[in-house]
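Asks: Just passing along the structure, written as structure tokens.
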Amino acid sequence: MDLLTGMPNVSYFSKFGDDFLRKLLKRAGQVDVIYFDISSLHSYNDHFGFLQGNQLIKKCGEIIRASFQEGLTLRYVDNSILTITAPSQLKKLLPEIQKKVAVFSADKVTTVRAGVYQVKEMEPATSAVDKAYQVYNTSVKKPFEMQDYLMGHFEEALSQNWLKVYYQPIFNLYSKKICNFEAVSRWQEPGEPALKASRFIPVLERSGLVYQLDLHVLDHVCQLLNQRRADNLPTIPVSINLSPSNFNIDSFIDQVLGITQKYQIPHNMIQFDLLAQPVAVDQQRLKDAAANLRKQGFRICLDRYGGENNDLSTETLLEYNFDYLKVDVRSFNTNRQRSKIILGSVINMSRLLKIVPVVRGLRTRPC
């Protein structure tokens with residue numbers, strides 16, 4: 001038996017795996033061999049220690065074993081767990097297993113993934129396991145390798161300053177002058193190509209870690225504004241993208257206020273861009289948070305109007321009070337007369353609502 005999990009181990013499988021598979025195949029007609037693997041366990045151990053890692057392996061074993069009580073579940077190699085069971089409806093069971101593991105894990109993110117091979121005729125049990133692993137490795141593990149890497153190294157990226165902040169200009173459509181800068185982040189490891197935000201922010205969104213990135217960017221912006229002020233250099237407002245999911249964290253606004261207070265940055269020098277998108281956050285909570293930030297003196301902008309989720313961004317415009325409307329001209333073919341008319345109507349609408357329109361996407365399209 002495995003000393004950590006109390007489950008059968010590889011030695012047990014070598015002795016009795018073929019016999020168990022043969023009997024189950026004869027009774028059920030078909031058998032699922034499921035290879036479970038704990039994602040990014042090495043990074044998890046680096047962050048939380050081997051004791052925590054061992055506790056996670058043990059808990060995974062308990063959760064998986066309880067989900068397949070009629071099958072044989074054993075600890076296979078390192079952080080992998082093997083289940084041999086009658087046809088199991090894995091697609092239905094796996095999300096609940098993953099949820100339970102993530103809830104137990106120290107970072108509330110690390111969980112298990114699985115590959116399944118269906119045995120229809122008797123073959124060596126070791127061969128069936130190899131095929132289950134091949135399914136896992138090619139169809140499950142490889143597509144998630146980048147995601148696992150980013151999640152596993154995010155804390156390191158923060159502490160080692162791999163998350164760089166750059167600034168790009170935003171133009172006022174009335175004055176045709178730069179009215180502020182947008183802070184954008186890049187993941188830049190030494191000796192590696194920089195990753196654009198679109199490569200890593202969705203991963204951080206799904207894992208609930210994006211608020212740490214947004215606070216990191218805010219801190220960087222406030223440091224820069226503070227330094228320019230000390231050097232008697234001109235300053236203009238800077239816009240920062242905020243994920244709506246940040247407001248699921250009760251202390252988020254207090255943390256924002258703490259950073260601006262630390263550097264003594266006037267709130268009207270910071271603009272927060274909110275993207276209208278379906279999110280797992282209470283809409284009233286989001287509306288109240290946006291109103292609170294605006295009351296504190298921060299500028300609030302509806303980002304990417306005319307881009308994805310256009311219907312949703314129009315609905316958001318009706319429900320929220322914004323200072324700015326950022327128009328995504330990449331959604332318009334500005335060489336066509338009809339597009340110019342639509343773009344002009346958006347600008348006129350902004351003026352009537354007393355919202356300042358700014359433009360996004362002039363880097364790639366003429367205006």
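Residue numbering restarts at 1 for every chain of the structure tokens, chains are lettered A, B, ... in their displayed order, and ligands are numbered from 1 as they appear.
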Mind checking which residues fall within 7 Å of Asn241 of chain A, counting only C-alpha atoms, ignoring those fewer than 3 positions away in the same chain, and posting them as a PDB file with N, CA and C atoms, in the first residue's frame?

Replies:
ATOM      1  N   PHE A 272      -9.866  54.415 -14.582  1.00  0.00           N
ATOM      2  CA  PHE A 272     -10.064  52.969 -14.605  1.00  0.00           C
ATOM      3  C   PHE A 272     -10.971  52.606 -15.773  1.00  0.00           C
ATOM      4  N   ASP A 273     -10.484  51.703 -16.620  1.00  0.00           N
ATOM      5  CA  ASP A 273     -11.238  51.248 -17.780  1.00  0.00           C
ATOM      6  C   ASP A 273     -11.942  49.938 -17.435  1.00  0.00           C
ATOM      7  N   LEU A 274     -13.249  49.924 -17.588  1.00  0.00           N
ATOM      8  CA  LEU A 274     -14.056  48.737 -17.333  1.00  0.00           C
ATOM      9  C   LEU A 274     -14.573  48.211 -18.654  1.00  0.00           C
TER      10      LEU A 274
END

Asks: Which parts of segment 23-246 of chain A does DSSP call strand (DSSP E or B) when run on the backbone here, written out as a ChimeraX atom specification?

Replies: /A:31-38,72-75,80-85,112-119,163-172,178-187,195,238-242

Asks: Could you write out the selected residues, including N, CA and C atoms, as a short mmCIF file (atom, residue, chain, number, x, y, z; two decimals), in the first residue's frame?

Replies:
data_model
loop_
_atom_site.label_atom_id
_atom_site.label_comp_id
_atom_site.auth_asym_id
_atom_site.auth_seq_id
_atom_site.Cartn_x
_atom_site.Cartn_y
_atom_site.Cartn_z
N VAL A 31 -14.35 -1.16 -20.07
CA VAL A 31 -13.71 -0.61 -18.87
C VAL A 31 -13.05 0.73 -19.20
N ASP A 32 -13.20 1.69 -18.29
CA ASP A 32 -12.48 2.96 -18.42
C ASP A 32 -11.22 2.92 -17.57
N VAL A 33 -10.09 3.20 -18.20
CA VAL A 33 -8.84 3.38 -17.46
C VAL A 33 -8.56 4.88 -17.47
N ILE A 34 -8.58 5.49 -16.29
CA ILE A 34 -8.50 6.95 -16.19
C ILE A 34 -7.19 7.34 -15.51
N TYR A 35 -6.43 8.17 -16.20
CA TYR A 35 -5.15 8.67 -15.68
C TYR A 35 -5.36 10.08 -15.18
N PHE A 36 -5.26 10.28 -13.87
CA PHE A 36 -5.40 11.60 -13.26
C PHE A 36 -4.02 12.16 -12.95
N ASP A 37 -3.88 13.47 -13.16
CA ASP A 37 -2.61 14.13 -12.86
C ASP A 37 -2.89 15.48 -12.20
N ILE A 38 -2.12 15.80 -11.17
CA ILE A 38 -2.27 17.09 -10.49
C ILE A 38 -1.46 18.12 -11.27
N LEU A 72 -11.16 0.38 -9.04
CA LEU A 72 -9.88 0.30 -8.35
C LEU A 72 -9.16 1.63 -8.55
N THR A 73 -8.88 2.32 -7.46
CA THR A 73 -8.16 3.58 -7.51
C THR A 73 -6.85 3.42 -6.75
N LEU A 74 -5.77 3.84 -7.36
CA LEU A 74 -4.46 3.66 -6.73
C LEU A 74 -3.55 4.83 -7.06
N ARG A 75 -2.55 5.02 -6.21
CA ARG A 75 -1.52 6.00 -6.52
C ARG A 75 -0.54 5.34 -7.45
N SER A 80 0.49 11.23 -9.97
CA SER A 80 -0.60 10.67 -10.79
C SER A 80 -1.39 9.64 -9.99
N ILE A 81 -2.68 9.59 -10.29
CA ILE A 81 -3.59 8.65 -9.65
C ILE A 81 -4.33 7.91 -10.76
N LEU A 82 -4.50 6.62 -10.60
CA LEU A 82 -5.08 5.77 -11.62
C LEU A 82 -6.39 5.17 -11.12
N THR A 83 -7.40 5.18 -11.99
CA THR A 83 -8.66 4.54 -11.67
C THR A 83 -9.05 3.59 -12.80
N ILE A 84 -9.40 2.36 -12.44
CA ILE A 84 -9.93 1.38 -13.40
C ILE A 84 -11.36 1.11 -12.97
N THR A 85 -12.29 1.40 -13.85
CA THR A 85 -13.69 1.34 -13.45
C THR A 85 -14.58 0.98 -14.63
N VAL A 112 -6.91 18.77 -10.64
CA VAL A 112 -6.50 17.61 -11.42
C VAL A 112 -7.07 17.68 -12.83
N ARG A 113 -6.38 16.99 -13.73
CA ARG A 113 -6.90 16.78 -15.08
C ARG A 113 -6.81 15.29 -15.36
N ALA A 114 -7.52 14.85 -16.40
CA ALA A 114 -7.59 13.41 -16.61
C ALA A 114 -7.67 13.07 -18.09
N GLY A 115 -7.09 11.90 -18.40
CA GLY A 115 -7.23 11.30 -19.72
C GLY A 115 -7.79 9.90 -19.55
N VAL A 116 -8.69 9.49 -20.43
CA VAL A 116 -9.35 8.20 -20.27
C VAL A 116 -9.19 7.36 -21.54
N TYR A 117 -8.90 6.09 -21.33
CA TYR A 117 -8.81 5.12 -22.42
C TYR A 117 -9.83 4.02 -22.15
N GLN A 118 -10.61 3.71 -23.17
CA GLN A 118 -11.66 2.70 -23.02
C GLN A 118 -11.16 1.34 -23.52
N VAL A 119 -11.19 0.36 -22.62
CA VAL A 119 -10.76 -1.00 -22.95
C VAL A 119 -12.00 -1.81 -23.34
N LEU A 163 6.67 41.16 -14.91
CA LEU A 163 5.46 41.80 -15.41
C LEU A 163 5.76 43.28 -15.63
N LYS A 164 6.09 43.61 -16.85
CA LYS A 164 6.48 44.97 -17.21
C LYS A 164 5.24 45.80 -17.54
N VAL A 165 5.35 47.11 -17.30
CA VAL A 165 4.26 48.03 -17.63
C VAL A 165 4.76 49.02 -18.67
N TYR A 166 4.02 49.11 -19.77
CA TYR A 166 4.33 50.04 -20.84
C TYR A 166 3.15 51.00 -21.01
N TYR A 167 3.40 52.07 -21.76
CA TYR A 167 2.38 53.12 -21.88
C TYR A 167 2.15 53.46 -23.35
N GLN A 168 0.87 53.49 -23.73
CA GLN A 168 0.53 53.87 -25.09
C GLN A 168 -0.46 55.04 -25.05
N PRO A 169 -0.37 55.95 -26.03
CA PRO A 169 -1.18 57.16 -25.98
C PRO A 169 -2.65 56.93 -26.32
N ILE A 170 -3.51 57.72 -25.72
CA ILE A 170 -4.94 57.74 -26.01
C ILE A 170 -5.27 59.14 -26.53
N PHE A 171 -6.03 59.21 -27.64
CA PHE A 171 -6.33 60.49 -28.28
C PHE A 171 -7.77 60.93 -28.01
N ASN A 172 -7.94 62.21 -27.76
CA ASN A 172 -9.26 62.80 -27.64
C ASN A 172 -9.79 63.08 -29.04
N ILE A 178 -3.30 63.94 -27.57
CA ILE A 178 -3.18 62.92 -26.52
C ILE A 178 -3.79 63.47 -25.24
N CYS A 179 -4.73 62.74 -24.68
CA CYS A 179 -5.35 63.18 -23.43
C CYS A 179 -4.89 62.36 -22.23
N ASN A 180 -4.44 61.15 -22.47
CA ASN A 180 -3.85 60.35 -21.39
C ASN A 180 -3.10 59.18 -21.99
N PHE A 181 -2.52 58.38 -21.12
CA PHE A 181 -1.83 57.18 -21.55
C PHE A 181 -2.52 55.96 -20.94
N GLU A 182 -2.48 54.88 -21.68
CA GLU A 182 -3.01 53.62 -21.16
C GLU A 182 -1.85 52.73 -20.73
N ALA A 183 -1.92 52.24 -19.50
CA ALA A 183 -0.90 51.32 -19.00
C ALA A 183 -1.24 49.91 -19.48
N VAL A 184 -0.29 49.27 -20.14
CA VAL A 184 -0.48 47.90 -20.62
C VAL A 184 0.64 47.03 -20.07
N SER A 185 0.34 45.80 -19.80
CA SER A 185 1.32 44.90 -19.18
C SER A 185 1.83 43.87 -20.18
N ARG A 186 3.05 43.45 -19.98
CA ARG A 186 3.69 42.40 -20.76
C ARG A 186 4.41 41.47 -19.79
N TRP A 187 4.39 40.18 -20.10
CA TRP A 187 5.12 39.17 -19.32
C TRP A 187 6.46 38.97 -20.00
N LEU A 195 5.37 38.23 -23.66
CA LEU A 195 4.01 37.77 -23.90
C LEU A 195 3.06 38.96 -23.79
N VAL A 238 -3.38 58.63 -16.38
CA VAL A 238 -3.07 57.30 -16.92
C VAL A 238 -4.27 56.40 -16.69
N SER A 239 -4.64 55.65 -17.72
CA SER A 239 -5.77 54.72 -17.61
C SER A 239 -5.24 53.31 -17.36
N ILE A 240 -5.97 52.59 -16.52
CA ILE A 240 -5.60 51.23 -16.12
C ILE A 240 -6.80 50.34 -16.32
N ASN A 241 -6.61 49.22 -16.97
CA ASN A 241 -7.69 48.26 -17.15
C ASN A 241 -7.98 47.53 -15.85
N LEU A 242 -9.23 47.47 -15.48
CA LEU A 242 -9.65 46.73 -14.29
C LEU A 242 -10.57 45.59 -14.71
#

Asks: Would you work out the distance separating atom CA of His216 of chain A from atom CA of Ser39 of chain A, expressed in Å to one decimal?

Replies: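 Between atom CA of His216 of chain A and atom CA of Ser39 of chain A the gap works out to 25.9 Å.
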
Asks: Would you give me, as a PyMOL selection string, the residues in segment 197-241 of chain A that DSSP reads as helix (DSSP H, G or I)?

Replies: chain A and resi 197-207+210-230

Asks: Which polymer residues have any atom within 12 Å of an atom of Pro202 of chain A, counting only C-alpha atoms, with same-chain residues fewer than 4 positions away left out, as number ranges by chain?

Replies: A: 146-147, 150-151, 196-198, 206-210, 213, 243, 245

Asks: Applying 10 Å and only C-alpha atoms, which residues near Leu224 of chain A remain after dropping the ones on its own chain fewer than 5 positions away? List them as a list in words.

Replies: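 Near neighbours after the sequence-gap exclusion: Leu218, Asp219, Arg229, Ala230, Thr235 and Tyr263 of chain A.
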
Asks: Please report the interatomic distance between atom CA of Leu286 of chain A and atom CA of Gln271 of chain A in Å with one decimal.

Replies: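 Interatomic distance, atom CA of Leu286 of chain A to atom CA of Gln271 of chain A: 16.3 Å.
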
Asks: Just give me the gap between atom CA of Thr260 of chain A and atom CA of Pro237 of chain A in Å, one decimal is fine.

Replies: 13.2 Å

Asks: Could you name the residues that touch Ala106 of chain A at 10 Å or less, counting only C-alpha atoms, but leaving out those on the same chain fewer than 3 positions away, as a VMD selection string?

Replies: chain A and resid 44 47 to 48 52 to 53 56 101 to 103 109 to 110

Asks: Can I get the selected residues back with N, CA, C and O atoms, as a PDB file, in the first residue's frame?

Replies:
ATOM      1  N   TYR A  44       3.602  24.101  -7.316  1.00  0.00           N
ATOM      2  CA  TYR A  44       2.841  24.148  -6.068  1.00  0.00           C
ATOM      3  C   TYR A  44       3.753  23.839  -4.881  1.00  0.00           C
ATOM      4  O   TYR A  44       3.714  24.530  -3.845  1.00  0.00           O
ATOM      5  N   HIS A  47       6.037  26.740  -4.022  1.00  0.00           N
ATOM      6  CA  HIS A  47       5.384  27.859  -3.345  1.00  0.00           C
ATOM      7  C   HIS A  47       4.931  27.514  -1.926  1.00  0.00           C
ATOM      8  O   HIS A  47       5.041  28.335  -1.018  1.00  0.00           O
ATOM      9  N   PHE A  48       4.423  26.296  -1.733  1.00  0.00           N
ATOM     10  CA  PHE A  48       3.771  25.969  -0.462  1.00  0.00           C
ATOM     11  C   PHE A  48       4.486  24.879   0.332  1.00  0.00           C
ATOM     12  O   PHE A  48       4.094  24.605   1.471  1.00  0.00           O
ATOM     13  N   GLN A  52       2.574  20.514   2.149  1.00  0.00           N
ATOM     14  CA  GLN A  52       1.297  20.901   1.543  1.00  0.00           C
ATOM     15  C   GLN A  52       1.038  20.103   0.275  1.00  0.00           C
ATOM     16  O   GLN A  52      -0.095  19.707  -0.009  1.00  0.00           O
ATOM     17  N   GLY A  53       2.104  19.872  -0.502  1.00  0.00           N
ATOM     18  CA  GLY A  53       1.942  19.087  -1.717  1.00  0.00           C
ATOM     19  C   GLY A  53       1.493  17.667  -1.423  1.00  0.00           C
ATOM     20  O   GLY A  53       0.616  17.122  -2.104  1.00  0.00           O
ATOM     21  N   LEU A  56      -2.098  17.575  -0.534  1.00  0.00           N
ATOM     22  CA  LEU A  56      -2.947  17.703  -1.723  1.00  0.00           C
ATOM     23  C   LEU A  56      -3.057  16.372  -2.456  1.00  0.00           C
ATOM     24  O   LEU A  56      -4.149  15.988  -2.899  1.00  0.00           O
ATOM     25  N   VAL A 101     -11.050  19.540  -5.431  1.00  0.00           N
ATOM     26  CA  VAL A 101      -9.598  19.607  -5.270  1.00  0.00           C
ATOM     27  C   VAL A 101      -9.149  21.063  -5.179  1.00  0.00           C
ATOM     28  O   VAL A 101      -8.323  21.428  -4.329  1.00  0.00           O
ATOM     29  N   ALA A 102      -9.674  21.914  -6.058  1.00  0.00           N
ATOM     30  CA  ALA A 102      -9.292  23.330  -6.056  1.00  0.00           C
ATOM     31  C   ALA A 102      -9.660  24.007  -4.738  1.00  0.00           C
ATOM     32  O   ALA A 102      -8.898  24.821  -4.211  1.00  0.00           O
ATOM     33  N   VAL A 103     -10.825  23.679  -4.196  1.00  0.00           N
ATOM     34  CA  VAL A 103     -11.254  24.259  -2.912  1.00  0.00           C
ATOM     35  C   VAL A 103     -10.291  23.866  -1.799  1.00  0.00           C
ATOM     36  O   VAL A 103      -9.964  24.671  -0.921  1.00  0.00           O
ATOM     37  N   VAL A 109      -6.663  27.130  -6.722  1.00  0.00           N
ATOM     38  CA  VAL A 109      -6.618  27.050  -8.183  1.00  0.00           C
ATOM     39  C   VAL A 109      -6.153  25.678  -8.660  1.00  0.00           C
ATOM     40  O   VAL A 109      -6.740  25.096  -9.575  1.00  0.00           O
ATOM     41  N   THR A 110      -5.089  25.159  -8.046  1.00  0.00           N
ATOM     42  CA  THR A 110      -4.515  23.883  -8.477  1.00  0.00           C
ATOM     43  C   THR A 110      -5.547  22.774  -8.387  1.00  0.00           C
ATOM     44  O   THR A 110      -6.271  22.650  -7.403  1.00  0.00           O
TER      45      THR A 110
END

Asks: Skip Ala86 of chain A itself and residues of its chain fewer than 4 positions away, then list as a ChimeraX atom specification all residues within 8 Å of it, counting only C-alpha atoms.

Replies: /A:24-25,28,30-32,70-71

Asks: Could you save those same residues with all heavy atoms as an mmCIF file, in the first residue's frame?

Replies:
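Once everything was written out, this is result30.cif:
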data_model
loop_
_atom_site.group_PDB
_atom_site.id
_atom_site.type_symbol
_atom_site.label_atom_id
_atom_site.label_comp_id
_atom_site.auth_asym_id
_atom_site.auth_seq_id
_atom_site.Cartn_x
_atom_site.Cartn_y
_atom_site.Cartn_z
ATOM 1 N N LEU A 24 -13.416 -7.251 -14.441
ATOM 2 C CA LEU A 24 -14.313 -6.112 -14.659
ATOM 3 C C LEU A 24 -14.771 -6.063 -16.109
ATOM 4 O O LEU A 24 -15.938 -5.748 -16.393
ATOM 5 C CB LEU A 24 -13.599 -4.813 -14.285
ATOM 6 C CG LEU A 24 -14.453 -3.535 -14.306
ATOM 7 C CD1 LEU A 24 -15.654 -3.662 -13.379
ATOM 8 C CD2 LEU A 24 -13.607 -2.330 -13.897
ATOM 9 N N LEU A 25 -13.890 -6.386 -17.038
ATOM 10 C CA LEU A 25 -14.241 -6.390 -18.453
ATOM 11 C C LEU A 25 -15.286 -7.468 -18.744
ATOM 12 O O LEU A 25 -16.235 -7.240 -19.520
ATOM 13 C CB LEU A 25 -12.981 -6.622 -19.286
ATOM 14 C CG LEU A 25 -13.086 -6.443 -20.807
ATOM 15 C CD1 LEU A 25 -13.504 -5.011 -21.148
ATOM 16 C CD2 LEU A 25 -11.756 -6.773 -21.471
ATOM 17 N N ALA A 28 -18.604 -5.996 -17.036
ATOM 18 C CA ALA A 28 -19.181 -4.750 -17.547
ATOM 19 C C ALA A 28 -19.155 -4.647 -19.074
ATOM 20 O O ALA A 28 -19.879 -3.833 -19.642
ATOM 21 C CB ALA A 28 -18.441 -3.557 -16.940
ATOM 22 N N GLN A 30 -17.049 -3.325 -20.916
ATOM 23 C CA GLN A 30 -16.141 -2.234 -21.294
ATOM 24 C C GLN A 30 -15.594 -1.608 -20.021
ATOM 25 O O GLN A 30 -16.301 -1.534 -19.013
ATOM 26 C CB GLN A 30 -16.894 -1.189 -22.127
ATOM 27 C CG GLN A 30 -16.040 -0.047 -22.633
ATOM 28 C CD GLN A 30 -16.812 0.843 -23.585
ATOM 29 O OE1 GLN A 30 -17.326 0.390 -24.605
ATOM 30 N NE2 GLN A 30 -16.889 2.132 -23.261
ATOM 31 N N VAL A 31 -14.353 -1.156 -20.066
ATOM 32 C CA VAL A 31 -13.711 -0.608 -18.865
ATOM 33 C C VAL A 31 -13.053 0.732 -19.202
ATOM 34 O O VAL A 31 -12.439 0.885 -20.264
ATOM 35 C CB VAL A 31 -12.654 -1.589 -18.313
ATOM 36 C CG1 VAL A 31 -11.861 -0.951 -17.171
ATOM 37 C CG2 VAL A 31 -13.319 -2.881 -17.841
ATOM 38 N N ASP A 32 -13.195 1.686 -18.293
ATOM 39 C CA ASP A 32 -12.483 2.962 -18.417
ATOM 40 C C ASP A 32 -11.222 2.920 -17.567
ATOM 41 O O ASP A 32 -11.290 2.628 -16.360
ATOM 42 C CB ASP A 32 -13.352 4.127 -17.935
ATOM 43 C CG ASP A 32 -14.414 4.517 -18.944
ATOM 44 O OD1 ASP A 32 -14.442 3.931 -20.039
ATOM 45 O OD2 ASP A 32 -15.235 5.402 -18.627
ATOM 46 N N GLU A 70 -16.820 1.776 -7.012
ATOM 47 C CA GLU A 70 -16.896 0.410 -7.534
ATOM 48 C C GLU A 70 -15.639 0.005 -8.295
ATOM 49 O O GLU A 70 -15.505 -1.149 -8.689
ATOM 50 C CB GLU A 70 -18.113 0.273 -8.455
ATOM 51 C CG GLU A 70 -19.450 0.579 -7.790
ATOM 52 C CD GLU A 70 -19.722 -0.355 -6.619
ATOM 53 O OE1 GLU A 70 -19.429 -1.570 -6.748
ATOM 54 O OE2 GLU A 70 -20.228 0.124 -5.586
ATOM 55 N N GLY A 71 -14.734 0.974 -8.505
ATOM 56 C CA GLY A 71 -13.536 0.680 -9.277
ATOM 57 C C GLY A 71 -12.311 0.517 -8.400
ATOM 58 O O GLY A 71 -12.385 0.520 -7.163
#

Asks: Considering only C-alpha atoms, return as a ChimeraX atom specification whatever protein or nucleic-acid residues lie within 10 Å of Ile347 of chain A, sequence-local ones (same chain, fewer than 6 positions apart) excluded.

Replies: /A:173-174,325,327,341,353,355-358
